[in-house]
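Colleague: Mind having a look at this structure? Questions to follow.
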Protein chains: 2
Amino acid sequence: MRVVVTGGGGFLGVRLARALLSRADVSRLVLFDTAFPSQLPQDPRLEAVRGDIADARALAAAVTPDTAAVFHLAAVVSGAAEADFDLGYRVNLEGMRLLLERLRGCAHPPRVVYTSSVAAFGGDLPPVLDDATTPHPQTSYGTQKVIGEYLLADYTRKGFVDGRALRLPTVVVRPGKPNAAASSFASAIIREPLAGIDYDCPVGPQTAVWLLSPRRVVEALVLAHDSPPEAWGVDRVVNLPGITATVAEMVGALARVAGDGVAARVRYAPDPRIQAIVRTWPARFRTPRALAMGFRADPDVETVIRDYIADEGIRLG
Amino acid sequence: MRVVVTGGGGFLGVRLARALLSRADVSRLVLFDTAFPSQLPQDPRLEAVRGDIADARALAAAVTPDTAAVFHLAAVVSGAAEADFDLGYRVNLEGMRLLLERLRGCAHPPRVVYTSSVAAFGGDLPPVLDDATTPHPQTSYGTQKVIGEYLLADYTRKGFVDGRALRLPTVVVRPGKPNAAASSFASAIIREPLAGIDYDCPVGPQTAVWLLSPRRVVEALVLAHDSPPEAWGVDRVVNLPGITATVAEMVGALARVAGDGVAARVRYAPDPRIQAIVRTWPARFRTPRALAMGFRADPDVETVIRDYIADEGIRLG
């Protein structure tokens, strides 16, 4: 089958590509993105197509009518969508609309795995959210993600696609550099000290995060694709499992894994703009539906850190 | 102040226009629609602008930068949006986007009163819905209405507009002729017999409807506009109060008001397409938030029918 990953040049896209290329049923894998890392997996089935998701012609080049599955990861992240209102709507809403319209023209309704986000939630929240909690996003990014969920559900109901949306917890640990996502700190407090770099954390130590590791996210994307339509039924959105940890707890786990000297590289330098966004995100969920469907969380933060160290080939000093 | 009513040529638009023209604070009232009835209220402040909400140039002619308030009633109704997927998205989603973008350019953030719908709800529903029930629309119309709510909330949060969305029950009794709304039967079972016309009802007698009269809807639109921002807070959507009545109960009320001979003009001719849509709509709500804000329901179906007879100047034989 022909598979397309939008946002395929991002770190999750490349990791997902590796997982997909390990499968015999993937005959063609197209990564679609505006930029790619210098190193992509070497595989004759892999093709990298450069383009903007909000550009219908570029999208049409990547998503051909024989496409069987799309993993839609492309997005302008939370901080950037909040700073540039027009850009966020163009990529996160119009890009989604264009993708769904293109998929409507496919020979068979393709499976679409869509990455929504915990940023769907905000406002007056219960202490613990569950599968019945209504999204009241307090960012444009969260709004765009929720709208994408509703579009996917309607295109699915009409039989144009077979959609599955995952509300991702904050992904920890992201490799690379701090980015424009308001959640960037959650990875940076582990990644930067491990790289020997001091890090000024823009939120306080008691800030709690609902998190999931890249390994579990890639597993979840694949499971979301492979599960039969009956496993989803009418409701095509699920809150993924995760674990709750405060910044202080994450730094404590880092100290236990890598030593006090590494953990001491985290300092606190509150940024009101970031805090205002992060404050609207929930940190505690019950996720019975996802657990029943086979999605799973990481066991604890130390494991998340050890997996990151192993995946990135980091040597502890 | 300058006020624009989109869908201003429809029967609710014209009724709302009359209510607005009774106010001294309305200096200019623009009705924007693709078509208008032959008789509009005679008032020098009134202007009818013909155009399509999804046509940015036409919209710009109606919504000038000095606009202080918009009542956004224009929509492709449920049955039509289900039958013509592209038309529904063009008018109900792109029209909303274009309107909000145009309002973003206003001198002061305008108040926007948006008519959403009970069609926002569907799927596996509790017996009685309340203010916390999550919308899972099972029609494209319902999907588009919910997306409009989220867009309005985000534009409000950003300070571009001051939005207020009302989830309208089924409006009973609509004058005129049966239309493409799947809810058309709920008015037709009263209106057609009163006009001496036999009516084949496409749903069964035990079908329950959550309904509100045109008088109460116009009151609600005006109250939604007049209420201070603090009355809404972060949540800019409210389920309006209504009353629950089955088709059989409405026909019974018609018999009491207009006689058995009139009520006998209703016959049952089930239409699976209409039934499939109506079945997804809820009929019972608790609406504490709306009641606390001052919105109110009709006392009973007989009053709804008597108000219709009075408003339309119908003579009972």
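Naming scheme: A, B, ... for chains in displayed order of the structure tokens; residues 1 onward per chain; ligands 1 onward as shown.
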Could you build a table of the residues in chain B lying no more than 9 Å from chain A, giving for each the nearest pair of atoms and their separation in Å rounded to one decimal place, using only C-alpha atoms, ordered by chain and ascending residue number, as a Markdown table?

Modeller:
| residue | atom | partner | partner_atom | distance |
| --- | --- | --- | --- | --- |
| B:Gly123 | CA | A:Val234 | CA | 7.0 |
| B:Asp124 | CA | A:Val234 | CA | 8.6 |
| B:Ala132 | CA | A:Thr134 | CA | 6.9 |
| B:Thr133 | CA | A:Thr134 | CA | 7.1 |
| B:Thr134 | CA | A:Thr134 | CA | 5.0 |
| B:Pro135 | CA | A:Thr134 | CA | 7.9 |
| B:His136 | CA | A:Asp235 | CA | 7.7 |
| B:Pro137 | CA | A:Asp154 | CA | 8.3 |
| B:Gln138 | CA | A:Arg157 | CA | 7.5 |
| B:Thr139 | CA | A:Asp154 | CA | 7.3 |
| B:Ser140 | CA | A:Asp154 | CA | 6.2 |
| B:Thr143 | CA | A:Tyr150 | CA | 6.3 |
| B:Gln144 | CA | A:Leu151 | CA | 8.4 |
| B:Val146 | CA | A:Tyr150 | CA | 8.1 |
| B:Ile147 | CA | A:Ile147 | CA | 5.7 |
| B:Tyr150 | CA | A:Thr143 | CA | 6.3 |
| B:Leu151 | CA | A:Thr143 | CA | 7.3 |
| B:Ala153 | CA | A:Thr143 | CA | 8.6 |
| B:Asp154 | CA | A:Ser140 | CA | 6.2 |
| B:Tyr155 | CA | A:Ser140 | CA | 8.7 |
| B:Arg157 | CA | A:Gln138 | CA | 7.6 |
| B:Lys158 | CA | A:Ser140 | CA | 8.6 |
| B:Val234 | CA | A:Gly123 | CA | 7.0 |
| B:Asp235 | CA | A:His136 | CA | 7.7 |

Colleague: Produce a file of the selected residues containing C-alpha atoms, as a tab-separated table (two decimals), in the first residue's frame.

Modeller:
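Saved file selection.tsv follows:
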chain	number	residue	atom	x	y	z
B	123	GLY	CA	-24.43	9.91	18.35
B	124	ASP	CA	-24.72	8.13	21.67
B	132	ALA	CA	-21.64	19.86	29.61
B	133	THR	CA	-22.71	17.50	26.82
B	134	THR	CA	-20.06	17.24	24.09
B	135	PRO	CA	-21.32	17.79	20.54
B	136	HIS	CA	-20.97	14.75	18.27
B	137	PRO	CA	-22.93	15.94	15.24
B	138	GLN	CA	-24.17	13.27	12.82
B	139	THR	CA	-24.82	15.63	9.91
B	140	SER	CA	-22.59	17.95	7.90
B	143	THR	CA	-20.56	19.68	12.04
B	144	GLN	CA	-20.39	23.06	10.29
B	146	VAL	CA	-20.03	23.33	15.77
B	147	ILE	CA	-16.97	24.42	13.80
B	150	TYR	CA	-15.15	27.13	17.78
B	151	LEU	CA	-14.12	29.77	15.25
B	153	ALA	CA	-14.81	31.47	20.36
B	154	ASP	CA	-11.24	31.81	19.05
B	155	TYR	CA	-11.87	35.14	17.29
B	157	ARG	CA	-10.59	35.14	22.66
B	158	LYS	CA	-8.21	37.04	20.39
B	234	VAL	CA	-14.95	32.28	28.39
B	235	ASP	CA	-17.73	30.01	27.09

Colleague: Can you move chain B onto chain A by a least-squares fit over all C-alpha atoms paired in order, then give me the moved copy as a JSON list (two decimals) with C-alpha atoms, in the first residue's frame?

Modeller:
[["chain", "number", "residue", "atom", "x", "y", "z"],
["B", 1, "MET", "CA", 0.00, -0.02, 0.02],
["B", 2, "ARG", "CA", 0.98, 3.59, -0.62],
["B", 3, "VAL", "CA", 1.36, 5.62, 2.57],
["B", 4, "VAL", "CA", 1.82, 9.38, 2.97],
["B", 5, "VAL", "CA", 3.16, 11.08, 6.09],
["B", 6, "THR", "CA", 2.55, 14.84, 6.18],
["B", 7, "GLY", "CA", 5.05, 16.59, 8.38],
["B", 8, "GLY", "CA", 7.21, 13.65, 7.38],
["B", 9, "GLY", "CA", 10.40, 15.68, 7.76],
["B", 10, "GLY", "CA", 9.80, 16.28, 11.46],
["B", 11, "PHE", "CA", 11.30, 14.06, 14.10],
["B", 12, "LEU", "CA", 8.08, 12.10, 14.71],
["B", 13, "GLY", "CA", 7.58, 11.79, 10.95],
["B", 14, "VAL", "CA", 11.02, 10.28, 10.44],
["B", 15, "ARG", "CA", 10.59, 7.90, 13.38],
["B", 16, "LEU", "CA", 7.20, 6.86, 12.07],
["B", 17, "ALA", "CA", 8.79, 6.34, 8.64],
["B", 18, "ARG", "CA", 11.29, 3.89, 10.15],
["B", 19, "ALA", "CA", 8.47, 1.97, 11.80],
["B", 20, "LEU", "CA", 6.47, 1.86, 8.56],
["B", 21, "LEU", "CA", 9.45, 0.77, 6.47],
["B", 22, "SER", "CA", 9.85, -2.27, 8.75],
["B", 23, "ARG", "CA", 6.50, -3.52, 7.40],
["B", 24, "ALA", "CA", 6.10, -5.71, 4.34],
["B", 25, "ASP", "CA", 2.68, -4.22, 3.49],
["B", 26, "VAL", "CA", 4.13, -0.75, 2.77],
["B", 27, "SER", "CA", 5.07, -0.64, -0.91],
["B", 28, "ARG", "CA", 5.57, 3.12, -1.13],
["B", 29, "LEU", "CA", 6.17, 5.70, 1.61],
["B", 30, "VAL", "CA", 5.94, 9.39, 0.80],
["B", 31, "LEU", "CA", 7.19, 11.92, 3.33],
["B", 32, "PHE", "CA", 5.66, 15.33, 2.62],
["B", 33, "ASP", "CA", 7.08, 18.41, 4.33],
["B", 34, "THR", "CA", 8.55, 21.87, 3.76],
["B", 35, "ALA", "CA", 11.99, 20.70, 4.91],
["B", 36, "PHE", "CA", 13.82, 17.46, 5.63],
["B", 37, "PRO", "CA", 16.76, 16.45, 7.80],
["B", 38, "SER", "CA", 19.98, 15.70, 5.94],
["B", 39, "GLN", "CA", 19.72, 12.00, 6.83],
["B", 40, "LEU", "CA", 16.60, 10.07, 5.87],
["B", 41, "PRO", "CA", 16.21, 6.27, 6.09],
["B", 42, "GLN", "CA", 17.77, 4.56, 3.05],
["B", 43, "ASP", "CA", 15.02, 2.55, 1.40],
["B", 44, "PRO", "CA", 13.98, 2.36, -2.26],
["B", 45, "ARG", "CA", 10.31, 2.61, -1.20],
["B", 46, "LEU", "CA", 10.88, 6.01, 0.42],
["B", 47, "GLU", "CA", 10.24, 9.30, -1.39],
["B", 48, "ALA", "CA", 10.58, 12.78, 0.10],
["B", 49, "VAL", "CA", 8.26, 15.38, -1.48],
["B", 50, "ARG", "CA", 8.87, 19.00, -0.58],
["B", 51, "GLY", "CA", 5.83, 21.27, -0.32],
["B", 52, "ASP", "CA", 3.37, 23.24, 1.78],
["B", 53, "ILE", "CA", 0.25, 21.44, 3.03],
["B", 54, "ALA", "CA", -1.77, 24.59, 2.25],
["B", 55, "ASP", "CA", -0.66, 24.49, -1.41],
["B", 56, "ALA", "CA", -3.18, 22.31, -3.27],
["B", 57, "ARG", "CA", -0.81, 21.57, -6.17],
["B", 58, "ALA", "CA", 2.06, 20.49, -3.93],
["B", 59, "LEU", "CA", -0.34, 18.36, -1.90],
["B", 60, "ALA", "CA", -1.69, 16.71, -5.05],
["B", 61, "ALA", "CA", 1.83, 15.67, -6.02],
["B", 62, "ALA", "CA", 2.27, 13.82, -2.71],
["B", 63, "VAL", "CA", -1.25, 12.48, -2.24],
["B", 64, "THR", "CA", -2.02, 10.53, -5.39],
["B", 65, "PRO", "CA", -5.39, 8.79, -5.92],
["B", 66, "ASP", "CA", -3.90, 5.37, -5.09],
["B", 67, "THR", "CA", -2.99, 6.50, -1.55],
["B", 68, "ALA", "CA", -4.20, 3.94, 1.01],
["B", 69, "ALA", "CA", -3.19, 5.68, 4.23],
["B", 70, "VAL", "CA", -2.21, 9.14, 5.43],
["B", 71, "PHE", "CA", -0.60, 10.07, 8.73],
["B", 72, "HIS", "CA", -1.36, 13.77, 9.04],
["B", 73, "LEU", "CA", 1.29, 15.22, 11.36],
["B", 74, "ALA", "CA", 1.94, 18.54, 9.59],
["B", 75, "ALA", "CA", 1.07, 21.54, 11.75],
["B", 76, "VAL", "CA", 2.11, 24.99, 12.86],
["B", 77, "VAL", "CA", 2.85, 24.42, 16.55],
["B", 78, "SER", "CA", 1.04, 26.09, 19.46],
["B", 79, "GLY", "CA", 3.29, 29.06, 20.18],
["B", 80, "ALA", "CA", 3.69, 29.87, 16.49],
["B", 81, "ALA", "CA", -0.05, 29.59, 15.75],
["B", 82, "GLU", "CA", -0.71, 31.93, 18.67],
["B", 83, "ALA", "CA", 1.87, 34.46, 17.47],
["B", 84, "ASP", "CA", 0.81, 34.30, 13.79],
["B", 85, "PHE", "CA", -2.96, 33.91, 13.61],
["B", 86, "ASP", "CA", -3.12, 33.78, 9.81],
["B", 87, "LEU", "CA", -0.33, 31.24, 9.45],
["B", 88, "GLY", "CA", -1.96, 28.91, 11.98],
["B", 89, "TYR", "CA", -5.33, 28.98, 10.20],
["B", 90, "ARG", "CA", -3.72, 28.59, 6.79],
["B", 91, "VAL", "CA", -1.71, 25.49, 7.69],
["B", 92, "ASN", "CA", -3.73, 23.88, 10.49],
["B", 93, "LEU", "CA", -7.25, 24.53, 9.14],
["B", 94, "GLU", "CA", -6.95, 25.14, 5.38],
["B", 95, "GLY", "CA", -4.23, 22.48, 5.10],
["B", 96, "MET", "CA", -6.57, 19.96, 6.75],
["B", 97, "ARG", "CA", -9.44, 20.95, 4.44],
["B", 98, "LEU", "CA", -7.25, 20.63, 1.34],
["B", 99, "LEU", "CA", -5.94, 17.26, 2.47],
["B", 100, "LEU", "CA", -9.43, 15.88, 3.10],
["B", 101, "GLU", "CA", -10.68, 17.22, -0.23],
["B", 102, "ARG", "CA", -7.76, 15.57, -1.99],
["B", 103, "LEU", "CA", -8.42, 12.26, -0.20],
["B", 104, "ARG", "CA", -12.07, 12.42, -1.22],
["B", 105, "GLY", "CA", -10.81, 11.78, -4.74],
["B", 106, "CYS", "CA", -9.02, 8.54, -3.84],
["B", 107, "ALA", "CA", -10.01, 5.23, -5.37],
["B", 108, "HIS", "CA", -10.81, 3.72, -1.94],
["B", 109, "PRO", "CA", -11.48, 5.72, 1.26],
["B", 110, "PRO", "CA", -7.99, 6.02, 2.79],
["B", 111, "ARG", "CA", -7.26, 5.55, 6.45],
["B", 112, "VAL", "CA", -6.32, 8.91, 7.94],
["B", 113, "VAL", "CA", -4.49, 9.06, 11.26],
["B", 114, "TYR", "CA", -4.60, 12.62, 12.56],
["B", 115, "THR", "CA", -2.54, 14.03, 15.41],
["B", 116, "SER", "CA", -4.74, 16.21, 17.57],
["B", 117, "SER", "CA", -3.55, 17.43, 20.94],
["B", 118, "VAL", "CA", -4.17, 17.84, 24.63],
["B", 119, "ALA", "CA", -4.27, 21.54, 23.67],
["B", 120, "ALA", "CA", -7.86, 20.83, 22.61],
["B", 121, "PHE", "CA", -8.75, 21.31, 26.27],
["B", 122, "GLY", "CA", -8.77, 24.50, 28.29],
["B", 123, "GLY", "CA", -10.94, 26.88, 30.25],
["B", 124, "ASP", "CA", -12.67, 25.72, 33.41],
["B", 125, "LEU", "CA", -11.53, 22.11, 33.64],
["B", 126, "PRO", "CA", -12.27, 19.33, 36.10],
["B", 127, "PRO", "CA", -9.25, 18.13, 38.15],
["B", 128, "VAL", "CA", -9.17, 14.93, 36.09],
["B", 129, "LEU", "CA", -10.39, 14.89, 32.48],
["B", 130, "ASP", "CA", -11.99, 11.88, 30.84],
["B", 131, "ASP", "CA", -13.41, 10.72, 27.52],
["B", 132, "ALA", "CA", -16.55, 12.84, 28.00],
["B", 133, "THR", "CA", -14.82, 16.16, 28.67],
["B", 134, "THR", "CA", -15.82, 18.82, 26.12],
["B", 135, "PRO", "CA", -12.92, 20.64, 24.44],
["B", 136, "HIS", "CA", -12.79, 24.38, 25.18],
["B", 137, "PRO", "CA", -9.41, 25.25, 23.68],
["B", 138, "GLN", "CA", -7.78, 28.48, 24.84],
["B", 139, "THR", "CA", -5.31, 28.75, 21.96],
["B", 140, "SER", "CA", -5.74, 29.05, 18.20],
["B", 141, "TYR", "CA", -3.70, 25.85, 17.81],
["B", 142, "GLY", "CA", -6.10, 23.95, 20.07],
["B", 143, "THR", "CA", -9.07, 25.43, 18.22],
["B", 144, "GLN", "CA", -7.64, 24.37, 14.86],
["B", 145, "LYS", "CA", -6.95, 20.85, 16.15],
["B", 146, "VAL", "CA", -10.52, 20.45, 17.42],
["B", 147, "ILE", "CA", -11.94, 21.75, 14.14],
["B", 148, "GLY", "CA", -9.75, 19.21, 12.34],
["B", 149, "GLU", "CA", -11.27, 16.45, 14.50],
["B", 150, "TYR", "CA", -14.80, 17.52, 13.51],
["B", 151, "LEU", "CA", -13.90, 17.70, 9.83],
["B", 152, "LEU", "CA", -12.31, 14.26, 9.98],
["B", 153, "ALA", "CA", -15.39, 12.83, 11.70],
["B", 154, "ASP", "CA", -17.72, 14.29, 9.05],
["B", 155, "TYR", "CA", -15.61, 13.09, 6.10],
["B", 156, "THR", "CA", -15.52, 9.68, 7.79],
["B", 157, "ARG", "CA", -19.29, 9.64, 8.35],
["B", 158, "LYS", "CA", -19.81, 10.44, 4.67],
["B", 159, "GLY", "CA", -17.52, 7.55, 3.69],
["B", 160, "PHE", "CA", -14.88, 9.75, 2.04],
["B", 161, "VAL", "CA", -12.11, 8.65, 4.42],
["B", 162, "ASP", "CA", -11.69, 6.31, 7.40],
["B", 163, "GLY", "CA", -10.42, 8.76, 10.01],
["B", 164, "ARG", "CA", -8.83, 8.24, 13.41],
["B", 165, "ALA", "CA", -7.74, 11.18, 15.57],
["B", 166, "LEU", "CA", -5.37, 10.93, 18.53],
["B", 167, "ARG", "CA", -5.18, 13.66, 21.16],
["B", 168, "LEU", "CA", -1.47, 13.51, 21.91],
["B", 169, "PRO", "CA", -0.10, 14.38, 25.32],
["B", 170, "THR", "CA", 3.00, 16.60, 25.31],
["B", 171, "VAL", "CA", 5.70, 14.58, 23.56],
["B", 172, "VAL", "CA", 8.74, 14.17, 25.83],
["B", 173, "VAL", "CA", 11.68, 13.98, 25.05],
["B", 174, "ARG", "CA", 11.82, 15.70, 21.67],
["B", 175, "PRO", "CA", 15.35, 15.75, 20.21],
["B", 176, "GLY", "CA", 16.73, 18.81, 18.42],
["B", 177, "LYS", "CA", 16.48, 22.35, 19.69],
["B", 178, "PRO", "CA", 13.89, 24.31, 21.66],
["B", 179, "ASN", "CA", 11.10, 25.31, 19.23],
["B", 180, "ALA", "CA", 8.10, 27.62, 19.08],
["B", 181, "ALA", "CA", 5.77, 25.14, 20.78],
["B", 182, "ALA", "CA", 4.70, 26.43, 24.17],
["B", 183, "SER", "CA", 5.40, 22.90, 25.42],
["B", 184, "SER", "CA", 9.03, 23.09, 24.27],
["B", 185, "PHE", "CA", 10.26, 23.39, 27.88],
["B", 186, "ALA", "CA", 9.00, 19.89, 28.77],
["B", 187, "SER", "CA", 11.61, 18.29, 26.53],
["B", 188, "ALA", "CA", 14.26, 20.99, 26.94],
["B", 189, "ILE", "CA", 14.56, 20.48, 30.71],
["B", 190, "ILE", "CA", 15.83, 16.96, 29.98],
["B", 191, "ARG", "CA", 17.49, 17.30, 26.57],
["B", 192, "GLU", "CA", 19.53, 20.46, 27.12],
["B", 193, "PRO", "CA", 21.17, 19.41, 30.42],
["B", 194, "LEU", "CA", 22.01, 15.99, 28.90],
["B", 195, "ALA", "CA", 23.75, 17.90, 26.08],
["B", 196, "GLY", "CA", 25.75, 19.87, 28.66],
["B", 197, "ILE", "CA", 23.74, 23.04, 28.09],
["B", 198, "ASP", "CA", 22.23, 25.21, 30.83],
["B", 199, "TYR", "CA", 18.47, 25.72, 30.36],
["B", 200, "ASP", "CA", 16.24, 28.55, 31.60],
["B", 201, "CYS", "CA", 12.84, 26.92, 32.17],
["B", 202, "PRO", "CA", 10.02, 29.39, 31.31],
["B", 203, "VAL", "CA", 7.52, 27.79, 33.74],
["B", 204, "GLY", "CA", 7.75, 27.05, 37.45],
["B", 205, "PRO", "CA", 8.79, 23.72, 39.05],
["B", 206, "GLN", "CA", 5.23, 22.82, 40.09],
["B", 207, "THR", "CA", 3.92, 23.04, 36.51],
["B", 208, "ALA", "CA", 2.41, 19.62, 35.73],
["B", 209, "VAL", "CA", 2.58, 18.06, 32.26],
["B", 210, "TRP", "CA", 0.63, 15.18, 30.71],
["B", 211, "LEU", "CA", 3.32, 13.45, 28.69],
["B", 212, "LEU", "CA", 4.07, 10.56, 26.34],
["B", 213, "SER", "CA", 7.38, 9.47, 24.85],
["B", 214, "PRO", "CA", 8.17, 9.44, 21.12],
["B", 215, "ARG", "CA", 8.35, 5.61, 21.23],
["B", 216, "ARG", "CA", 4.80, 5.38, 22.57],
["B", 217, "VAL", "CA", 3.55, 8.04, 20.13],
["B", 218, "VAL", "CA", 4.86, 6.11, 17.12],
["B", 219, "GLU", "CA", 3.31, 2.91, 18.51],
["B", 220, "ALA", "CA", 0.02, 4.76, 18.94],
["B", 221, "LEU", "CA", 0.07, 6.11, 15.37],
["B", 222, "VAL", "CA", 0.61, 2.62, 13.98],
["B", 223, "LEU", "CA", -2.05, 1.08, 16.24],
["B", 224, "ALA", "CA", -4.49, 3.84, 15.27],
["B", 225, "HIS", "CA", -3.95, 2.89, 11.64],
["B", 226, "ASP", "CA", -4.11, -0.87, 12.14],
["B", 227, "SER", "CA", -7.20, -1.03, 14.37],
["B", 228, "PRO", "CA", -10.42, -2.03, 12.57],
["B", 229, "PRO", "CA", -13.15, 0.60, 11.98],
["B", 230, "GLU", "CA", -15.36, -1.20, 14.53],
["B", 231, "ALA", "CA", -12.81, -0.40, 17.26],
["B", 232, "TRP", "CA", -13.62, 3.28, 16.66],
["B", 233, "GLY", "CA", -17.30, 3.24, 15.84],
["B", 234, "VAL", "CA", -18.95, 6.66, 15.49],
["B", 235, "ASP", "CA", -16.46, 8.51, 17.71],
["B", 236, "ARG", "CA", -13.24, 8.96, 15.76],
["B", 237, "VAL", "CA", -11.26, 10.82, 18.46],
["B", 238, "VAL", "CA", -9.46, 9.36, 21.45],
["B", 239, "ASN", "CA", -7.46, 10.88, 24.31],
["B", 240, "LEU", "CA", -4.19, 8.94, 24.46],
["B", 241, "PRO", "CA", -2.92, 7.60, 27.78],
["B", 242, "GLY", "CA", 0.03, 9.40, 29.35],
["B", 243, "ILE", "CA", 1.67, 10.08, 32.67],
["B", 244, "THR", "CA", 1.49, 13.21, 34.80],
["B", 245, "ALA", "CA", 4.74, 14.75, 35.99],
["B", 246, "THR", "CA", 5.69, 18.18, 37.32],
["B", 247, "VAL", "CA", 8.79, 19.96, 36.08],
["B", 248, "ALA", "CA", 10.36, 19.31, 39.50],
["B", 249, "GLU", "CA", 9.60, 15.58, 39.21],
["B", 250, "MET", "CA", 11.14, 15.45, 35.72],
["B", 251, "VAL", "CA", 14.26, 17.22, 36.93],
["B", 252, "GLY", "CA", 14.38, 14.79, 39.89],
["B", 253, "ALA", "CA", 14.17, 11.83, 37.50],
["B", 254, "LEU", "CA", 16.95, 13.38, 35.41],
["B", 255, "ALA", "CA", 19.12, 13.63, 38.53],
["B", 256, "ARG", "CA", 18.55, 9.95, 39.30],
["B", 257, "VAL", "CA", 19.37, 8.86, 35.75],
["B", 258, "ALA", "CA", 22.18, 11.30, 34.88],
["B", 259, "GLY", "CA", 23.38, 12.77, 38.18],
["B", 260, "ASP", "CA", 22.79, 15.92, 40.22],
["B", 261, "GLY", "CA", 25.31, 17.87, 38.20],
["B", 262, "VAL", "CA", 23.29, 17.40, 35.01],
["B", 263, "ALA", "CA", 19.97, 18.24, 36.70],
["B", 264, "ALA", "CA", 21.50, 21.41, 38.18],
["B", 265, "ARG", "CA", 21.70, 22.86, 34.66],
["B", 266, "VAL", "CA", 17.96, 23.60, 34.81],
["B", 267, "ARG", "CA", 17.21, 27.08, 36.16],
["B", 268, "TYR", "CA", 13.87, 28.88, 36.35],
["B", 269, "ALA", "CA", 13.19, 32.03, 34.35],
["B", 270, "PRO", "CA", 9.38, 32.40, 34.14],
["B", 271, "ASP", "CA", 7.98, 33.69, 30.82],
["B", 272, "PRO", "CA", 4.42, 35.02, 31.28],
["B", 273, "ARG", "CA", 3.50, 34.38, 27.61],
["B", 274, "ILE", "CA", 4.45, 30.68, 27.82],
["B", 275, "GLN", "CA", 2.94, 30.29, 31.28],
["B", 276, "ALA", "CA", -0.35, 31.79, 30.09],
["B", 277, "ILE", "CA", -0.63, 29.14, 27.36],
["B", 278, "VAL", "CA", 0.57, 26.16, 29.41],
["B", 279, "ARG", "CA", -1.72, 27.06, 32.31],
["B", 280, "THR", "CA", -4.73, 26.34, 30.05],
["B", 281, "TRP", "CA", -3.63, 22.74, 29.39],
["B", 282, "PRO", "CA", -4.84, 19.88, 31.55],
["B", 283, "ALA", "CA", -2.34, 17.54, 33.20],
["B", 284, "ARG", "CA", -4.49, 14.69, 34.54],
["B", 285, "PHE", "CA", -6.72, 12.31, 32.55],
["B", 286, "ARG", "CA", -8.58, 9.06, 32.85],
["B", 287, "THR", "CA", -8.33, 7.32, 29.46],
["B", 288, "PRO", "CA", -10.36, 4.08, 29.71],
["B", 289, "ARG", "CA", -11.33, 4.11, 26.04],
["B", 290, "ALA", "CA", -7.76, 4.35, 24.76],
["B", 291, "LEU", "CA", -6.54, 1.69, 27.21],
["B", 292, "ALA", "CA", -9.32, -0.67, 26.07],
["B", 293, "MET", "CA", -8.24, -0.06, 22.47],
["B", 294, "GLY", "CA", -4.68, -1.09, 23.31],
["B", 295, "PHE", "CA", -2.96, 2.32, 23.54],
["B", 296, "ARG", "CA", -0.45, 2.55, 26.39],
["B", 297, "ALA", "CA", 1.52, 5.05, 28.43],
["B", 298, "ASP", "CA", 5.16, 5.01, 29.54],
["B", 299, "PRO", "CA", 5.73, 3.39, 32.96],
["B", 300, "ASP", "CA", 7.53, 6.41, 34.50],
["B", 301, "VAL", "CA", 9.68, 9.46, 33.71],
["B", 302, "GLU", "CA", 12.96, 7.67, 34.35],
["B", 303, "THR", "CA", 12.10, 5.15, 31.63],
["B", 304, "VAL", "CA", 11.22, 8.02, 29.28],
["B", 305, "ILE", "CA", 14.64, 9.58, 29.93],
["B", 306, "ARG", "CA", 16.52, 6.27, 29.56],
["B", 307, "ASP", "CA", 14.71, 5.54, 26.26],
["B", 308, "TYR", "CA", 15.70, 8.97, 24.99],
["B", 309, "ILE", "CA", 19.34, 8.40, 25.96],
["B", 310, "ALA", "CA", 19.30, 5.03, 24.18],
["B", 311, "ASP", "CA", 17.50, 6.29, 21.06],
["B", 312, "GLU", "CA", 19.80, 9.27, 20.62],
["B", 313, "GLY", "CA", 22.98, 7.35, 21.50],
["B", 314, "ILE", "CA", 23.86, 9.82, 24.27],
["B", 315, "ARG", "CA", 26.87, 8.97, 26.48],
["B", 316, "LEU", "CA", 26.57, 9.95, 30.12],
["B", 317, "GLY", "CA", 29.78, 11.57, 31.40]]

Colleague: If you run DSSP on the backbone here, which positions in range 75-288 of chain A get helix (DSSP H, G or I)? Please write them as a PyMOL selection string.

Modeller: chain A and resi 78-83+85-104+118-120+140-157+184-194+214-226+229-232+247-258+260-263+272-278+288
